[in-house]
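Down below is the structure, laid out as structure tokens.
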Amino acid sequence: AGEMRLHAGEAVIVEADRGIDCGTVHLIGPMVHLRLKGRDQDESAEYPAVVRRATPEDLHRWEENRERDTETFLVGRRTIDRMNLSMKLVDVEWQLDGRKVTFYFTAEQRVDFRELVRRLARRFRTRVELRQIGARDEAARWLQEFKPVATQAARTQNLPLNPVRLSGQCGRLKCCLNYELDQYLHALVRFPSVDTPIVTDAGAGIVRKIDIFRERLWVQYESGEWVDLGLDEVLGALGITPKGPDGGPSL
């Protein structure tokens with residue numbers, strides 16, 4: 001950025017709408033071009049220029065604005081309720097220099113919010129912008145790391161692959177499928193895989209289903225009969241030493 005050699009994680013002051021705002025450097029060098037190319041964005045387009053590095057005073061003001069966001073959010077939500085508008089306020093952001101405040105909202109239908117803008121502008125004595133976002137964008141604003149959702153997440157959690165039940169309002173897989181995925185992956189380390197052959201006192205069979213919460217497994221025998229067995233019993237039949245929840249030997 002000009003003569004400045006910036007690094008990922010640095011706070012900087014950038015050009016904003018009729019003023020300046022505070023931002024954080026996320027990518028530098030060739031990674032920027034790869035990211036833009038991956039998102040089919042025009043590299044020749046104009047982007048907000050970096051003015052300078054952020055000072056301690058800038059960061060202090062940024063923190064004050066974040067506290068101000070909370071109060072502004074409550075005022076905005078009460079105003080929307082009083083006007084009986086069919087919209088949901090999601091987030092509020094004050095520009096660093098205080099020249100603009102942006103209200104993010106979701107709505108199922110088109111909303112005439114011109115009067116709302118006028119009321120909020122009179123209340124806060126600054127430029128007000130209302131920006132409608134989608135349901136998936138709403139979730140992304142609150143997630144620190146927005147990971148893509150894959151059908152494998154549903155399979156890992158033994159959920160039926162029903163598109164109607166697994167899809168959210170945005171028409172794509174629900175973000176919540178990722179919330180407990182790590183816990184499932186951690187717990188499944190203690191279990192044999194589905195379709196693992198097994199021989200017990202009742203004969204030869206195959207592991208068909210797993211219940212990690214009850215630590216039970218369903219085995220289908222060659223006769224066609226299904227029997228649910230405890231995890232330790234199945235591991236014993238497979239000649240595997242049971243592991244505890246932390247991955248160590250079970251006591």
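Residues in the structure tokens are numbered from 1 in each chain, the chains being A, B, ... in the order shown, and ligands are numbered from 1 in the order shown.
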Per DSSP on the backbone, what are the alpha helix (DSSP H) residues of range 17-160 of chain A, as a PyMOL selection string?
chain A and resi 30-38+56-83+114-124+135-142+151-156
What lies within 9 Å of range 61-65 of chain A using only C-alpha atoms, ignoring chain neighbours under 2 positions off, as a CSV table (one decimal) with C-alpha atoms, in the first residue's frame?
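Result file follows (result.csv):
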chain,number,residue,atom,x,y,z
A,21,ASP,CA,-12.7,3.7,8.8
A,22,CYS,CA,-10.7,1.1,10.6
A,56,PRO,CA,-3.5,3.7,19.6
A,57,GLU,CA,-6.0,6.6,19.5
A,58,ASP,CA,-7.7,5.1,16.4
A,59,LEU,CA,-8.0,1.7,18.1
A,67,GLU,CA,-19.7,-0.1,22.6
A,68,ARG,CA,-21.8,2.5,20.8
A,69,ASP,CA,-23.0,-0.1,18.4
A,70,THR,CA,-24.9,-1.9,21.1
A,93,GLU,CA,-21.7,-0.6,12.6
A,94,TRP,CA,-20.5,3.0,13.2
A,95,GLN,CA,-17.9,4.3,10.8
A,96,LEU,CA,-14.7,5.2,12.7
A,97,ASP,CA,-15.1,9.0,12.1
A,98,GLY,CA,-18.8,8.9,13.1
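Neighbouring residues of range 147-162 of chain A at 8 Å or closer, counting only C-alpha atoms and skipping chain neighbours under 6 positions away, are A:Leu173, A:Lys174, A:Cys175, A:Leu177, A:Asn178, A:Leu181, A:Tyr184, A:Leu185, A:Ile210.
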Spatial neighbours of Asp201 in chain A, max dist 12 Å, only C-alpha atoms, sep filter under 5 positions, as a list of chain:residue names
A:Tyr221, A:Leu229, A:Glu233, A:Val234, A:Gly236, A:Ala237
Spatial neighbours of Pro197 in chain A, max dist 12 Å, only C-alpha atoms, sep filter under 6 positions, as number ranges by chain:
A: 203-208, 219-222, 234-235, 237-238
Restricting the output to C-alpha atoms, write the selected residues as a short mmCIF file (atom, residue, chain, number, x, y, z; two decimals), in the first residue's frame.
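Dumped everything to result_28.cif:
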data_model
loop_
_atom_site.label_atom_id
_atom_site.label_comp_id
_atom_site.auth_asym_id
_atom_site.auth_seq_id
_atom_site.Cartn_x
_atom_site.Cartn_y
_atom_site.Cartn_z
CA GLY A 203 -22.39 -65.53 14.69
CA ALA A 204 -20.95 -63.39 11.89
CA GLY A 205 -22.37 -59.99 11.19
CA ILE A 206 -21.68 -56.43 10.05
CA VAL A 207 -21.81 -53.14 11.97
CA ARG A 208 -24.65 -51.17 10.39
CA VAL A 219 -25.09 -55.34 14.12
CA GLN A 220 -26.85 -57.20 11.32
CA TYR A 221 -26.16 -60.93 11.31
CA GLU A 222 -26.11 -63.24 8.30
CA VAL A 234 -18.17 -54.88 20.02
CA LEU A 235 -14.57 -53.77 20.54
CA ALA A 237 -15.22 -59.07 19.68
CA LEU A 238 -12.95 -57.18 17.28
#
Identify which of the residues A:Phe103, A:Arg123, A:Ser193, A:Glu10 lies closest to Ala54 in chain A, counting only C-alpha atoms when measuring atom-to-atom distances.
A:Glu10
Could you pull out the residues in range 16-146 of chain A that DSSP calls strand (DSSP E or B) from the backbone, as a ChimeraX atom specification?
/A:16,19-24,50-53,88-94,100-106,127-132
Which residues come within 9 Å of range 25-36 of chain A, counting only C-alpha atoms, excluding same-chain residues fewer than 3 positions away, as a PyMOL selection string?
chain A and resi 6-12+39-43
Restricting to only C-alpha atoms, whichever of A:Glu215, A:Gly230, A:Asp17, A:Pro163 is closest to Glu129 in chain A is A:Asp17
